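Peer 1: Got a structure here, written out as structure tokens. Questions coming.
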Amino acid sequence: MEKNINISGKDVVLHGQVDSIVSTEQVVSIYDYKTKESMSENEIKGLTKNSDGNYWRQLVFYKILGNSFGPFAGKDINTSLVFIKPDSKGRCPIVTLSPIASDETKLLEEIEVLVKDVVSGEFINKKCDDVECQYCKYKNILLL
């Protein structure tokens, strides 16, 4: 799936490849498989000290793409993570979360900032809070 957005007069195409989609007349269910044990909703959303919210952003991104994909127009979109590594009880749960419009707006704003920083070259000067971030280490090498 893909979605075209305009950032500062430039057309940018966002792409995403989901693991599985099940579509009925009213509902589209998008599934992403994870090769790990289940996570709580707070972990998925990055609301715990040991999580970064990347899985949540991925689900929001899939909903954005689903909303803009012609055959899914006007349908409810559900997004789910399928954890395929069994937990201690042998379960492989499916966690379904429902991003709302404000989640989509926030992510699109983050994407816009990122694209602007890349186009301007400003991204090279920005660092994240993770002292072990491999990407920031690469930037440091480039700035030497």
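Convention: chains lettered A, B, ... in structure tokens order; per-chain residue numbering from 1; ligands numbered from 1 as shown.
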What's the 10 Å shell around Lys139 in chain A, counting only C-alpha atoms, without same-chain residues fewer than 5 positions away, as a PyMOL selection string?

Peer 2: chain A and resi 123-127+134+144

Peer 1: What lies within 8 Å of Phe61 in chain A using only C-alpha atoms, ignoring chain neighbours under 5 positions off, as a VMD selection string?

Peer 2: chain A and resid 16 104 107

Peer 1: Given the selection you just returned, output its residues as a file containing all heavy atoms, formatted as a PDB file, in the first residue's frame.

Peer 2:
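The resulting file, selection-v4.pdb, is reproduced below:
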```
ATOM      1  N   GLY A  16       4.189   0.941   2.491  1.00  0.00           N
ATOM      2  CA  GLY A  16       4.185  -0.011   3.580  1.00  0.00           C
ATOM      3  C   GLY A  16       3.808  -1.383   3.063  1.00  0.00           C
ATOM      4  O   GLY A  16       2.996  -1.508   2.144  1.00  0.00           O
ATOM      5  N   GLU A 104      -2.991   9.521  13.920  1.00  0.00           N
ATOM      6  CA  GLU A 104      -2.582   9.629  12.520  1.00  0.00           C
ATOM      7  C   GLU A 104      -1.983  11.006  12.235  1.00  0.00           C
ATOM      8  O   GLU A 104      -0.937  11.108  11.587  1.00  0.00           O
ATOM      9  CB  GLU A 104      -3.771   9.360  11.609  1.00  0.00           C
ATOM     10  CG  GLU A 104      -4.299   7.939  11.732  1.00  0.00           C
ATOM     11  CD  GLU A 104      -5.563   7.706  10.924  1.00  0.00           C
ATOM     12  OE1 GLU A 104      -5.563   8.046   9.727  1.00  0.00           O
ATOM     13  OE2 GLU A 104      -6.540   7.197  11.502  1.00  0.00           O
ATOM     14  N   LEU A 107       1.537  11.255  13.745  1.00  0.00           N
ATOM     15  CA  LEU A 107       2.548  10.516  12.981  1.00  0.00           C
ATOM     16  C   LEU A 107       2.861  11.219  11.665  1.00  0.00           C
ATOM     17  O   LEU A 107       4.032  11.326  11.276  1.00  0.00           O
ATOM     18  CB  LEU A 107       2.099   9.078  12.719  1.00  0.00           C
ATOM     19  CG  LEU A 107       3.121   8.225  11.974  1.00  0.00           C
ATOM     20  CD1 LEU A 107       4.439   8.136  12.738  1.00  0.00           C
ATOM     21  CD2 LEU A 107       2.561   6.839  11.701  1.00  0.00           C
TER      22      LEU A 107
END
```

Peer 1: Quick check for you: according to DSSP on this backbone, which residues of range 21-143 of chain A are classed as helix (DSSP H, G or I)? Reply as a PyMOL selection string.

Peer 2: chain A and resi 41-44+54-68+70-72+101-120+122-125+134-143

Peer 1: With only C-alpha atoms as the atoms that count, which of A:Lys3, A:Pro71, A:Pro86, A:Val12 lies nearest to Glu112 in chain A?

Peer 2: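 Of the candidates, the smallest distance to Glu112 in chain A is held by A:Val12.
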
Peer 1: I need the residue nearest Ala73 in chain A from this list: A:Val60, A:Val118, A:Val27, A:Cys92. Use only C-alpha atoms for the distance.

Peer 2: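 When distances to Ala73 in chain A are compared using only C-alpha atoms, the smallest one comes from A:Val27.
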
Peer 1: Quick one: pull the distance between CA of Val95 in chain A and CA of Val82 in chain A, Å, one decimal.

Peer 2: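 Computing it gives 6.5 Å between the two atoms.
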
Peer 1: If you measure from CA of Leu114 in chain A to CA of Gly70 in chain A, what distance in Å do you get, rounded to one decimal?

Peer 2: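 Those two atoms sit 26.5 Å apart.
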
Peer 1: Compare A:Lys63, A:Asp129, A:Asp87, A:Tyr55 by their minimum atom-to-atom distance to Lys75 in chain A, counting only C-alpha atoms, and give me the closest one.

Peer 2: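 Result for the nearest residue to Lys75 in chain A: A:Lys63.
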